[in-house]
Structure formats: C-alpha cells, structure tokens
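Structure data follow from model07.cif (mmCIF, C-alpha atoms):
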```cif
data_query
loop_
_atom_site.label_atom_id
_atom_site.label_comp_id
_atom_site.auth_asym_id
_atom_site.auth_seq_id
_atom_site.Cartn_x
_atom_site.Cartn_y
_atom_site.Cartn_z
CA MET A 1439 155.12 -8.09 -145.21
CA ALA A 1440 157.40 -5.53 -143.59
CA THR A 1441 157.82 -5.69 -139.84
CA CYS A 1442 156.32 -2.70 -138.01
CA LEU A 1443 157.49 -1.73 -134.55
CA TRP A 1444 156.53 0.64 -131.78
CA THR A 1445 159.57 2.54 -130.48
CA GLN A 1446 159.57 4.41 -127.20
CA LYS A 1447 160.96 7.88 -127.84
CA GLN A 1448 160.86 9.55 -124.44
CA ASP A 1449 159.63 9.10 -120.92
CA ILE A 1450 160.15 12.74 -119.94
CA GLY A 1451 158.01 15.71 -120.87
CA PRO A 1452 154.38 16.30 -119.88
CA ALA A 1453 153.29 14.86 -116.52
CA PRO A 1454 151.26 11.62 -116.61
CA ARG A 1455 147.65 12.43 -117.55
CA SER A 1456 144.39 11.25 -119.07
CA SER A 1457 141.25 12.71 -120.73
CA PHE A 1458 143.22 15.04 -123.01
CA ASP A 1459 143.60 15.32 -126.78
CA LEU A 1460 146.40 15.50 -129.36
CA VAL A 1461 146.45 17.14 -132.80
CA TYR A 1462 149.07 17.46 -135.54
CA ASP A 1463 149.98 20.92 -136.90
CA THR A 1464 150.94 20.26 -140.53
CA ALA A 1465 152.30 23.78 -141.15
CA ARG A 1466 154.72 23.64 -138.24
CA SER A 1467 155.32 19.87 -138.09
CA ARG A 1468 154.44 19.69 -134.42
CA VAL A 1469 152.07 17.64 -132.26
CA LEU A 1470 150.06 19.75 -129.80
CA ALA A 1471 148.89 18.56 -126.38
CA PHE A 1472 146.88 20.54 -123.86
CA GLY A 1473 145.64 20.02 -120.32
CA GLY A 1474 143.73 16.90 -119.34
CA GLN A 1475 143.51 15.29 -115.94
CA ILE A 1476 146.59 15.07 -113.71
CA ASN A 1477 146.31 13.41 -110.29
CA GLY A 1478 142.54 13.81 -110.37
CA ALA A 1479 142.57 17.51 -111.21
CA PRO A 1480 142.20 19.37 -114.54
CA ALA A 1481 145.34 20.91 -116.06
CA ARG A 1482 146.03 23.81 -118.42
CA ASP A 1483 149.59 23.30 -119.67
CA THR A 1484 150.44 23.41 -123.40
CA TRP A 1485 153.12 21.15 -124.92
CA GLU A 1486 154.51 20.50 -128.40
CA TRP A 1487 156.34 17.42 -129.73
CA ASP A 1488 158.80 17.95 -132.62
CA GLY A 1489 159.59 14.29 -133.22
CA GLU A 1490 162.44 14.20 -130.70
CA ASN A 1491 161.52 16.33 -127.70
CA TRP A 1492 158.58 17.77 -125.81
CA THR A 1493 158.65 21.54 -125.17
CA GLN A 1494 156.32 23.30 -122.76
CA MET A 1495 154.79 26.31 -124.46
CA SER A 1496 152.46 29.06 -123.26
CA ASP A 1497 150.96 28.77 -119.78
CA ILE A 1498 148.37 31.42 -120.62
CA GLY A 1499 145.25 30.41 -122.51
CA PRO A 1500 142.26 28.14 -121.91
CA SER A 1501 141.34 27.43 -118.31
CA ALA A 1502 142.22 24.05 -116.82
CA ARG A 1503 140.06 21.32 -118.30
CA LEU A 1504 139.69 17.72 -119.36
CA GLY A 1505 137.39 16.00 -121.84
CA TYR A 1506 137.72 18.80 -124.43
CA ALA A 1507 138.32 18.24 -128.17
CA LEU A 1508 141.04 19.50 -130.54
CA ALA A 1509 141.16 19.67 -134.34
CA TYR A 1510 143.67 21.25 -136.71
CA ASP A 1511 142.31 23.73 -139.27
CA ALA A 1512 144.75 23.32 -142.16
CA ALA A 1513 143.34 26.19 -144.25
CA ARG A 1514 143.87 28.70 -141.44
CA GLN A 1515 146.87 26.94 -139.85
CA ARG A 1516 145.34 26.97 -136.40
CA SER A 1517 144.56 24.30 -133.81
CA ILE A 1518 141.00 24.70 -132.49
CA LEU A 1519 139.92 23.66 -128.99
CA PHE A 1520 136.32 23.50 -127.79
CA GLY A 1521 134.65 22.79 -124.46
CA GLY A 1522 135.50 20.28 -121.76
CA SER A 1523 134.98 19.98 -118.02
CA SER A 1524 136.72 22.19 -115.46
CA LYS A 1525 136.23 19.64 -112.71
CA GLY A 1526 138.37 16.56 -112.21
CA ASP A 1527 135.57 14.38 -110.83
CA LEU A 1528 134.30 12.43 -113.83
CA VAL A 1529 131.25 11.28 -111.88
CA ASN A 1530 130.16 14.90 -111.63
CA ALA A 1531 131.30 16.65 -114.81
CA GLU A 1532 130.02 20.11 -113.89
CA PRO A 1533 130.89 22.85 -114.52
CA LEU A 1534 131.09 22.29 -118.27
CA LEU A 1535 132.65 24.69 -120.76
CA GLY A 1536 131.46 26.01 -124.12
CA ASP A 1537 134.34 28.26 -125.17
CA THR A 1538 136.34 28.12 -128.41
CA TRP A 1539 140.10 28.75 -128.56
CA GLU A 1540 142.77 28.69 -131.28
CA TRP A 1541 146.52 28.01 -131.01
CA ASP A 1542 148.80 29.61 -133.63
CA GLY A 1543 152.02 28.00 -132.45
CA GLU A 1544 152.85 30.76 -130.00
CA ASP A 1545 149.68 31.97 -128.30
CA TRP A 1546 146.15 30.93 -127.43
CA THR A 1547 143.33 33.29 -128.48
CA GLN A 1548 139.72 32.95 -127.36
CA LEU A 1549 137.28 33.09 -130.25
CA ALA A 1550 133.50 32.67 -130.27
CA ASP A 1551 131.69 32.30 -126.98
CA THR A 1552 128.50 31.23 -128.77
CA GLY A 1553 127.80 28.01 -130.60
CA PRO A 1554 127.41 24.47 -129.20
CA LEU A 1555 126.14 24.24 -125.64
CA PRO A 1556 128.80 23.54 -122.99
CA ARG A 1557 129.85 19.89 -123.01
CA ALA A 1558 132.63 17.38 -122.47
CA PHE A 1559 133.83 14.16 -124.14
CA HIS A 1560 132.65 15.23 -127.60
CA ALA A 1561 134.68 14.72 -130.80
CA MET A 1562 135.93 16.97 -133.61
CA THR A 1563 137.67 16.48 -136.95
CA TYR A 1564 138.66 18.67 -139.92
CA ASP A 1565 136.92 18.35 -143.29
CA SER A 1566 139.68 19.47 -145.69
CA LYS A 1567 137.40 19.65 -148.76
CA ARG A 1568 134.96 22.11 -147.18
CA GLU A 1569 137.57 23.68 -144.88
CA ARG A 1570 135.36 23.19 -141.85
CA ILE A 1571 135.81 21.58 -138.45
CA LEU A 1572 132.99 19.21 -137.58
CA LEU A 1573 131.85 18.55 -133.99
CA PHE A 1574 129.45 15.84 -132.87
CA GLY A 1575 127.91 14.79 -129.58
CA GLY A 1576 129.30 15.02 -126.07
CA LEU A 1577 128.02 14.91 -122.53
CA THR A 1578 126.20 17.31 -120.22
CA GLU A 1579 124.45 17.01 -116.86
CA ARG A 1580 120.90 18.04 -116.15
CA GLN A 1581 119.18 17.69 -112.79
CA GLY A 1582 121.82 15.26 -111.60
CA LYS A 1583 121.62 13.01 -114.65
CA PHE A 1584 124.01 12.67 -117.56
CA VAL A 1585 122.57 13.55 -120.97
CA THR A 1586 124.31 12.95 -124.29
CA PHE A 1587 124.12 15.31 -127.25
CA ALA A 1588 123.25 14.19 -130.80
CA ASP A 1589 123.90 17.50 -132.53
CA THR A 1590 126.32 18.27 -135.37
CA TRP A 1591 128.14 21.61 -135.66
CA SER A 1592 130.62 23.08 -138.13
CA TRP A 1593 133.27 25.77 -137.51
CA ASP A 1594 134.33 27.94 -140.47
CA GLY A 1595 137.04 29.93 -138.70
CA ASN A 1596 134.65 32.63 -137.52
CA GLU A 1597 131.51 31.04 -136.15
CA TRP A 1598 129.76 27.80 -135.30
CA THR A 1599 126.74 26.66 -137.35
CA GLU A 1600 124.45 23.82 -136.33
CA GLN A 1601 123.79 21.32 -139.11
CA GLN A 1602 120.13 20.35 -139.35
CA ASP A 1603 120.54 16.72 -140.32
CA ALA A 1604 119.41 13.33 -139.10
CA SER A 1605 122.16 12.08 -136.82
CA PRO A 1606 123.50 9.08 -134.94
CA PRO A 1607 122.11 8.54 -131.43
CA GLY A 1608 123.60 10.89 -128.85
CA ARG A 1609 126.89 9.74 -127.36
CA ASN A 1610 130.17 10.70 -125.72
CA VAL A 1611 133.80 9.46 -125.75
CA HIS A 1612 133.37 8.45 -129.40
CA ARG A 1613 135.85 9.21 -132.20
CA LEU A 1614 135.62 11.15 -135.46
CA VAL A 1615 138.04 11.21 -138.40
CA TYR A 1616 137.90 12.58 -141.94
CA ASP A 1617 138.43 10.15 -144.83
CA THR A 1618 140.09 12.32 -147.51
CA LEU A 1619 139.85 9.67 -150.24
CA ARG A 1620 136.11 9.13 -149.89
CA ASP A 1621 135.21 12.64 -148.65
CA ARG A 1622 133.38 11.41 -145.57
CA VAL A 1623 133.55 12.04 -141.84
CA VAL A 1624 133.56 8.67 -140.06
CA LEU A 1625 132.23 8.17 -136.53
CA PHE A 1626 132.74 5.04 -134.44
CA GLY A 1627 131.69 3.88 -131.00
CA GLY A 1628 131.31 5.83 -127.80
CA ILE A 1629 128.83 5.54 -124.94
CA THR A 1630 125.15 6.00 -125.73
CA ASP A 1631 122.29 5.36 -123.30
CA ALA A 1632 124.80 3.97 -120.77
CA LYS A 1633 125.92 1.33 -123.29
CA VAL A 1634 129.23 1.07 -125.08
CA ALA A 1635 128.45 1.30 -128.79
CA ASN A 1636 130.17 -0.28 -131.80
CA ASP A 1637 128.18 1.35 -134.61
CA THR A 1638 129.83 3.13 -137.54
CA TRP A 1639 128.38 6.23 -139.21
CA GLU A 1640 129.41 8.44 -142.13
CA TYR A 1641 128.65 12.11 -142.73
CA ASP A 1642 128.86 13.46 -146.28
CA GLY A 1643 129.73 16.98 -145.16
CA SER A 1644 126.76 18.74 -146.78
CA LEU A 1645 126.54 22.25 -145.32
#
```
What is this file in structure tokens?
Amino acid sequence: MATCLWTQKQDIGPAPRSSFDLVYDTARSRVLAFGGQINGAPARDTWEWDGENWTQMSDIGPSARLGYALAYDAARQRSILFGGSSKGDLVNAEPLLGDTWEWDGEDWTQLADTGPLPRAFHAMTYDSKRERILLFGGLTERQGKFVTFADTWSWDGNEWTEQQDASPPGRNVHRLVYDTLRDRVVLFGGITDAKVANDTWEYDGSL
C-alpha cells in the first residue's frame, strides 16, 4: 500500500477562523473560502486557493456571517452560498439569514430572496446528474429555543423548490455529499434533538 502524507502548504493567508465553508470551483481550479467566525465575530472576506497561494478577492458581497453553506454548481460554473448567522454568539444564533448569493470568480451577486426560511448550520451539495443543488436541515431559534429543520430544497440556478418527501429527523451541523457513481446524495451525522447523531441517509434525487 502506498504511503499517504499530509503536507502543510502555507500558514499565511486568511486569518484563523471557524464555522465557515470551502468549495472547489472545477472550471477555474480554485478553492473558495468565505467569512466564518474570527475572534468571536462574523466575517465577510472572500479568499481563493490556487494550490500554492491564498489570494484575497472581493470585499463586496454577502454580509458578514458564519454557519452558512456553499456548493459549486458545475453546470452554471458558479459557487452558491445560502444563509448563515450574522451574530458571532453561537448560543444565540439570531439574527439568521435566508439570502442566496453566487460567486463567478470575480464578483458576488445576490440572487433569490425567497426559498428556505432563514437558518444556519445547514448543509448543501451539488447533484451533477440533475444539475441541482440540494439543501437539507439547519437551525433556527423560536421563542428562545433552538429548532432544527427537516426540510429538503433544490436550487436550479433560478429558484428554490421545496421537495415534498419523507426526510431524516431535523438536524444541524451535519454533512451532505453527492455520490456520482451511485447517483445518491448521502447525509451523515449532525445534532438532532440535542443529541449527536451517527445515522446515514441517502436521497435518490427525485424532483
């Protein structure tokens, strides 16, 4: 078996942060990073990694946030960002965001302002067969209590559509990924009903 190694590439670039997301732009061969939480506060900086160096890009675009989700739409060659929290206090996630943005490699553009309810710590992935981004779950706050979503939404490049399907229990800080070989979206883990979950679910992508 071949030996596999982690190699540290850089320790300069974006400031130390958490609660952010990364996505790979296949058309431009770049990794995109946005915002997150820096020193307890939400950030709004945009960075790209070309395999050797980080470059700070546009400082105009989505408002400062953490706990959002990113996915790369390969058919339209755009990175899509949805939601998040504009407050750095994770104990009190309000106010939450429900806006949709796309990154074309140079600029951010705000798209639909309708669709999923505002939320944070949801997950998204791109279904390459159906050319749709899929979103599941997330967290909101109602009357001082955290509530998890169990809804499934798809983005076709123009609008969000809720999928009326039986779903996993509501959760947040889970992960989604698309299995291209088996044509399934796979979900694992997260926090549901104040418990850390280890269940695995598949979605067949029916729209």
For this session: List the residues matched by the PyMOL selection byres ((chain A and resi 1482) around 8) in the displayed structure as a VMD selection string, ordered by chain and then by residue number.
Result: chain A and resid 1472 to 1474 1480 to 1481 1483 to 1484 1497 1499 to 1503
Keeping C-alpha atoms for every residue in the selection just given, could you write it to a file as a short mmCIF file (atom, residue, chain, number, x, y, z; two decimals), keeping the file's coordinate frame?
```cif
data_model
loop_
_atom_site.label_atom_id
_atom_site.label_comp_id
_atom_site.auth_asym_id
_atom_site.auth_seq_id
_atom_site.Cartn_x
_atom_site.Cartn_y
_atom_site.Cartn_z
CA PHE A 1472 146.88 20.54 -123.86
CA GLY A 1473 145.64 20.02 -120.32
CA GLY A 1474 143.73 16.90 -119.34
CA PRO A 1480 142.20 19.37 -114.54
CA ALA A 1481 145.34 20.91 -116.06
CA ASP A 1483 149.59 23.30 -119.67
CA THR A 1484 150.44 23.41 -123.40
CA ASP A 1497 150.96 28.77 -119.78
CA GLY A 1499 145.25 30.41 -122.51
CA PRO A 1500 142.26 28.14 -121.91
CA SER A 1501 141.34 27.43 -118.31
CA ALA A 1502 142.22 24.05 -116.82
CA ARG A 1503 140.06 21.32 -118.30
#
```
Residue by residue, what does the PyMOL selection byres ((chain A and resi 1506) around 12) grab here? Present the result as a PDB file with C-alpha atoms, in the frame of the given file.
```pdb
ATOM      1  CA  SER A1456     144.390  11.250-119.070  1.00  0.00           C
ATOM      2  CA  SER A1457     141.250  12.710-120.730  1.00  0.00           C
ATOM      3  CA  PHE A1458     143.220  15.040-123.010  1.00  0.00           C
ATOM      4  CA  ASP A1459     143.600  15.320-126.780  1.00  0.00           C
ATOM      5  CA  LEU A1460     146.400  15.500-129.360  1.00  0.00           C
ATOM      6  CA  ALA A1471     148.890  18.560-126.380  1.00  0.00           C
ATOM      7  CA  PHE A1472     146.880  20.540-123.860  1.00  0.00           C
ATOM      8  CA  GLY A1473     145.640  20.020-120.320  1.00  0.00           C
ATOM      9  CA  GLY A1474     143.730  16.900-119.340  1.00  0.00           C
ATOM     10  CA  GLN A1475     143.510  15.290-115.940  1.00  0.00           C
ATOM     11  CA  PRO A1480     142.200  19.370-114.540  1.00  0.00           C
ATOM     12  CA  ALA A1481     145.340  20.910-116.060  1.00  0.00           C
ATOM     13  CA  ARG A1482     146.030  23.810-118.420  1.00  0.00           C
ATOM     14  CA  PRO A1500     142.260  28.140-121.910  1.00  0.00           C
ATOM     15  CA  SER A1501     141.340  27.430-118.310  1.00  0.00           C
ATOM     16  CA  ALA A1502     142.220  24.050-116.820  1.00  0.00           C
ATOM     17  CA  ARG A1503     140.060  21.320-118.300  1.00  0.00           C
ATOM     18  CA  LEU A1504     139.690  17.720-119.360  1.00  0.00           C
ATOM     19  CA  GLY A1505     137.390  16.000-121.840  1.00  0.00           C
ATOM     20  CA  ALA A1507     138.320  18.240-128.170  1.00  0.00           C
ATOM     21  CA  LEU A1508     141.040  19.500-130.540  1.00  0.00           C
ATOM     22  CA  ALA A1509     141.160  19.670-134.340  1.00  0.00           C
ATOM     23  CA  ILE A1518     141.000  24.700-132.490  1.00  0.00           C
ATOM     24  CA  LEU A1519     139.920  23.660-128.990  1.00  0.00           C
ATOM     25  CA  PHE A1520     136.320  23.500-127.790  1.00  0.00           C
ATOM     26  CA  GLY A1521     134.650  22.790-124.460  1.00  0.00           C
ATOM     27  CA  GLY A1522     135.500  20.280-121.760  1.00  0.00           C
ATOM     28  CA  SER A1523     134.980  19.980-118.020  1.00  0.00           C
ATOM     29  CA  SER A1524     136.720  22.190-115.460  1.00  0.00           C
ATOM     30  CA  LYS A1525     136.230  19.640-112.710  1.00  0.00           C
ATOM     31  CA  ALA A1531     131.300  16.650-114.810  1.00  0.00           C
ATOM     32  CA  LEU A1534     131.090  22.290-118.270  1.00  0.00           C
ATOM     33  CA  LEU A1535     132.650  24.690-120.760  1.00  0.00           C
ATOM     34  CA  GLY A1536     131.460  26.010-124.120  1.00  0.00           C
ATOM     35  CA  ASP A1537     134.340  28.260-125.170  1.00  0.00           C
ATOM     36  CA  THR A1538     136.340  28.120-128.410  1.00  0.00           C
ATOM     37  CA  TRP A1539     140.100  28.750-128.560  1.00  0.00           C
ATOM     38  CA  PRO A1556     128.800  23.540-122.990  1.00  0.00           C
ATOM     39  CA  ARG A1557     129.850  19.890-123.010  1.00  0.00           C
ATOM     40  CA  ALA A1558     132.630  17.380-122.470  1.00  0.00           C
ATOM     41  CA  PHE A1559     133.830  14.160-124.140  1.00  0.00           C
ATOM     42  CA  HIS A1560     132.650  15.230-127.600  1.00  0.00           C
ATOM     43  CA  ALA A1561     134.680  14.720-130.800  1.00  0.00           C
ATOM     44  CA  MET A1562     135.930  16.970-133.610  1.00  0.00           C
ATOM     45  CA  LEU A1573     131.850  18.550-133.990  1.00  0.00           C
ATOM     46  CA  GLY A1575     127.910  14.790-129.580  1.00  0.00           C
ATOM     47  CA  GLY A1576     129.300  15.020-126.070  1.00  0.00           C
ATOM     48  CA  LEU A1577     128.020  14.910-122.530  1.00  0.00           C
ATOM     49  CA  ASN A1610     130.170  10.700-125.720  1.00  0.00           C
ATOM     50  CA  VAL A1611     133.800   9.460-125.750  1.00  0.00           C
TER      51      VAL A1611
END
```
Exercise. CA of Ser1467 in chain A and CA of Gly1543 in chain A are how many Å apart?
Worked result: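 Computed distance, CA of Ser1467 in chain A to CA of Gly1543 in chain A, equals 10.4 Å.
For the structure shown here, the set of residues caught by the PyMOL selection byres ((chain A and resi 1618) around 12) is Thr1563, Tyr1564, Asp1565, Ser1566, Lys1567, Arg1568, Glu1569, Val1615, Tyr1616, Asp1617, Leu1619, Arg1620, Asp1621, Arg1622, Val1623, Val1624, Asp1642 and Gly1643 of chain A.
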Which residues, written as a PDB file with C-alpha atoms, in the coordinates of the input, have at least one atom at most 8 Å from Gly1628 in chain A, with only C-alpha atoms counted and residues fewer than 5 positions away on the same chain left out?
```
ATOM      1  CA  ARG A1609     126.890   9.740-127.360  1.00  0.00           C
ATOM      2  CA  ASN A1610     130.170  10.700-125.720  1.00  0.00           C
ATOM      3  CA  VAL A1611     133.800   9.460-125.750  1.00  0.00           C
ATOM      4  CA  HIS A1612     133.370   8.450-129.400  1.00  0.00           C
ATOM      5  CA  ARG A1613     135.850   9.210-132.200  1.00  0.00           C
ATOM      6  CA  VAL A1634     129.230   1.070-125.080  1.00  0.00           C
ATOM      7  CA  ALA A1635     128.450   1.300-128.790  1.00  0.00           C
ATOM      8  CA  ASN A1636     130.170  -0.280-131.800  1.00  0.00           C
TER       9      ASN A1636
END
```
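Nearest to Glu1540 in chain A of all the residues A:Ala1604, A:Leu1572, A:Val1585, A:Leu1470 is A:Leu1470, based on only C-alpha atoms.
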For this session: Between CA of Thr1552 in chain A and CA of Glu1600 in chain A, measure the distance and give it in Å to one decimal.
Result: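 Taking CA of Thr1552 in chain A and CA of Glu1600 in chain A, their separation equals 11.3 Å.
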Exercise. Hey, what's within 9 Å of Gly1595 in chain A if we count only C-alpha atoms and toss same-chain stuff fewer than 4 positions away? As a list in words, please?
Worked result: Asp1511, Arg1514, Glu1569, Arg1570 and Ile1571 of chain A
For this session: Rounded to one decimal place, report the CA of Thr1599 in chain A-CA of Gly1627 in chain A distance in Å.
Result: 24.2 Å
For this session: Compute the distance from (125.1, 17.4, -129.2) to each atom, counting all atoms listed in the file, keep the residues with any atom at most 7 Å away, and return them as a ChimeraX atom specification; use the coordinates of the file.
Result: /A:1574-1576,1586-1590,1608
Exercise. What's the 8 Å shell around Asp1488 in chain A, counting only C-alpha atoms, without same-chain residues fewer than 4 positions away, as a list in words?
Worked result: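 Skipping anything fewer than 4 positions along the chain leaves Ser1467, Arg1468, Val1469 and Trp1492 of chain A.
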Can you spit out the residues from that selection as a PDB file, in the frame of the given file, using C-alpha atoms?
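Done, and the output landed in again-v5.pdb:
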```pdb
ATOM      1  CA  SER A1467     155.320  19.870-138.090  1.00  0.00           C
ATOM      2  CA  ARG A1468     154.440  19.690-134.420  1.00  0.00           C
ATOM      3  CA  VAL A1469     152.070  17.640-132.260  1.00  0.00           C
ATOM      4  CA  TRP A1492     158.580  17.770-125.810  1.00  0.00           C
TER       5      TRP A1492
END
```
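Residue nearest Leu1625 in chain A within the list A:Asp1594, A:Asp1463, A:Pro1606, A:Pro1533: A:Pro1606 [criterion: smallest interatomic distance, all atoms listed in the file].
In this comparison, which uses only C-alpha atoms, the residue of A:Arg1455, A:Leu1555, A:Thr1464, A:Ile1498 approaching Ala1479 in chain A most closely is A:Arg1455.
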Would you mind putting back N, CA, C and O atoms on range 1453-1473 of chain A, then writing it out as a short mmCIF file (atom, residue, chain, number, x, y, z; two decimals), in the frame of the given file?
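For reference, part-v2.cif as written:
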```cif
data_model
loop_
_atom_site.label_atom_id
_atom_site.label_comp_id
_atom_site.auth_asym_id
_atom_site.auth_seq_id
_atom_site.Cartn_x
_atom_site.Cartn_y
_atom_site.Cartn_z
N ALA A 1453 153.60 15.75 -117.65
CA ALA A 1453 153.29 14.86 -116.52
C ALA A 1453 152.28 13.81 -116.96
O ALA A 1453 151.50 14.02 -117.90
N PRO A 1454 152.26 12.64 -116.30
CA PRO A 1454 151.26 11.62 -116.61
C PRO A 1454 149.85 12.21 -116.52
O PRO A 1454 149.54 12.95 -115.58
N ARG A 1455 148.98 11.84 -117.49
CA ARG A 1455 147.65 12.43 -117.55
C ARG A 1455 146.70 11.57 -118.35
O ARG A 1455 147.11 10.66 -119.07
N SER A 1456 145.42 11.91 -118.29
CA SER A 1456 144.39 11.25 -119.07
C SER A 1456 143.35 12.28 -119.49
O SER A 1456 143.43 13.45 -119.10
N SER A 1457 142.38 11.86 -120.30
CA SER A 1457 141.25 12.71 -120.73
C SER A 1457 141.70 14.00 -121.39
O SER A 1457 141.15 15.07 -121.16
N PHE A 1458 142.75 13.89 -122.24
CA PHE A 1458 143.22 15.04 -123.01
C PHE A 1458 143.16 14.67 -124.49
O PHE A 1458 142.69 13.59 -124.86
N ASP A 1459 143.63 15.57 -125.35
CA ASP A 1459 143.60 15.32 -126.78
C ASP A 1459 144.93 15.73 -127.41
O ASP A 1459 145.67 16.55 -126.83
N LEU A 1460 145.22 15.16 -128.58
CA LEU A 1460 146.40 15.50 -129.36
C LEU A 1460 145.96 15.89 -130.76
O LEU A 1460 144.97 15.38 -131.28
N VAL A 1461 146.72 16.79 -131.40
CA VAL A 1461 146.45 17.14 -132.80
C VAL A 1461 147.77 17.46 -133.48
O VAL A 1461 148.73 17.91 -132.83
N TYR A 1462 147.84 17.22 -134.79
CA TYR A 1462 149.07 17.46 -135.54
C TYR A 1462 148.95 18.73 -136.36
O TYR A 1462 148.02 18.90 -137.15
N ASP A 1463 149.90 19.65 -136.16
CA ASP A 1463 149.98 20.92 -136.90
C ASP A 1463 150.84 20.68 -138.13
O ASP A 1463 152.07 20.59 -138.04
N THR A 1464 150.20 20.59 -139.31
CA THR A 1464 150.94 20.26 -140.53
C THR A 1464 151.84 21.39 -140.99
O THR A 1464 152.89 21.15 -141.61
N ALA A 1465 151.49 22.64 -140.72
CA ALA A 1465 152.30 23.78 -141.15
C ALA A 1465 153.60 23.86 -140.37
O ALA A 1465 154.64 24.25 -140.91
N ARG A 1466 153.56 23.49 -139.11
CA ARG A 1466 154.72 23.64 -138.24
C ARG A 1466 155.37 22.31 -137.88
O ARG A 1466 156.36 22.26 -137.16
N SER A 1467 154.79 21.21 -138.36
CA SER A 1467 155.32 19.87 -138.09
C SER A 1467 155.49 19.61 -136.60
O SER A 1467 156.54 19.20 -136.12
N ARG A 1468 154.43 19.89 -135.86
CA ARG A 1468 154.44 19.69 -134.42
C ARG A 1468 153.15 19.00 -133.98
O ARG A 1468 152.09 19.20 -134.57
N VAL A 1469 153.24 18.19 -132.93
CA VAL A 1469 152.07 17.64 -132.26
C VAL A 1469 151.75 18.52 -131.06
O VAL A 1469 152.66 18.86 -130.28
N LEU A 1470 150.49 18.90 -130.90
CA LEU A 1470 150.06 19.75 -129.80
C LEU A 1470 149.30 18.94 -128.77
O LEU A 1470 148.44 18.12 -129.11
N ALA A 1471 149.62 19.16 -127.50
CA ALA A 1471 148.89 18.56 -126.38
C ALA A 1471 148.52 19.67 -125.41
O ALA A 1471 149.30 20.59 -125.17
N PHE A 1472 147.33 19.54 -124.83
CA PHE A 1472 146.88 20.54 -123.86
C PHE A 1472 146.16 19.86 -122.71
O PHE A 1472 145.35 18.95 -122.90
N GLY A 1473 146.44 20.34 -121.50
CA GLY A 1473 145.64 20.02 -120.32
C GLY A 1473 145.37 18.55 -120.08
O GLY A 1473 146.25 17.70 -120.20
#
```
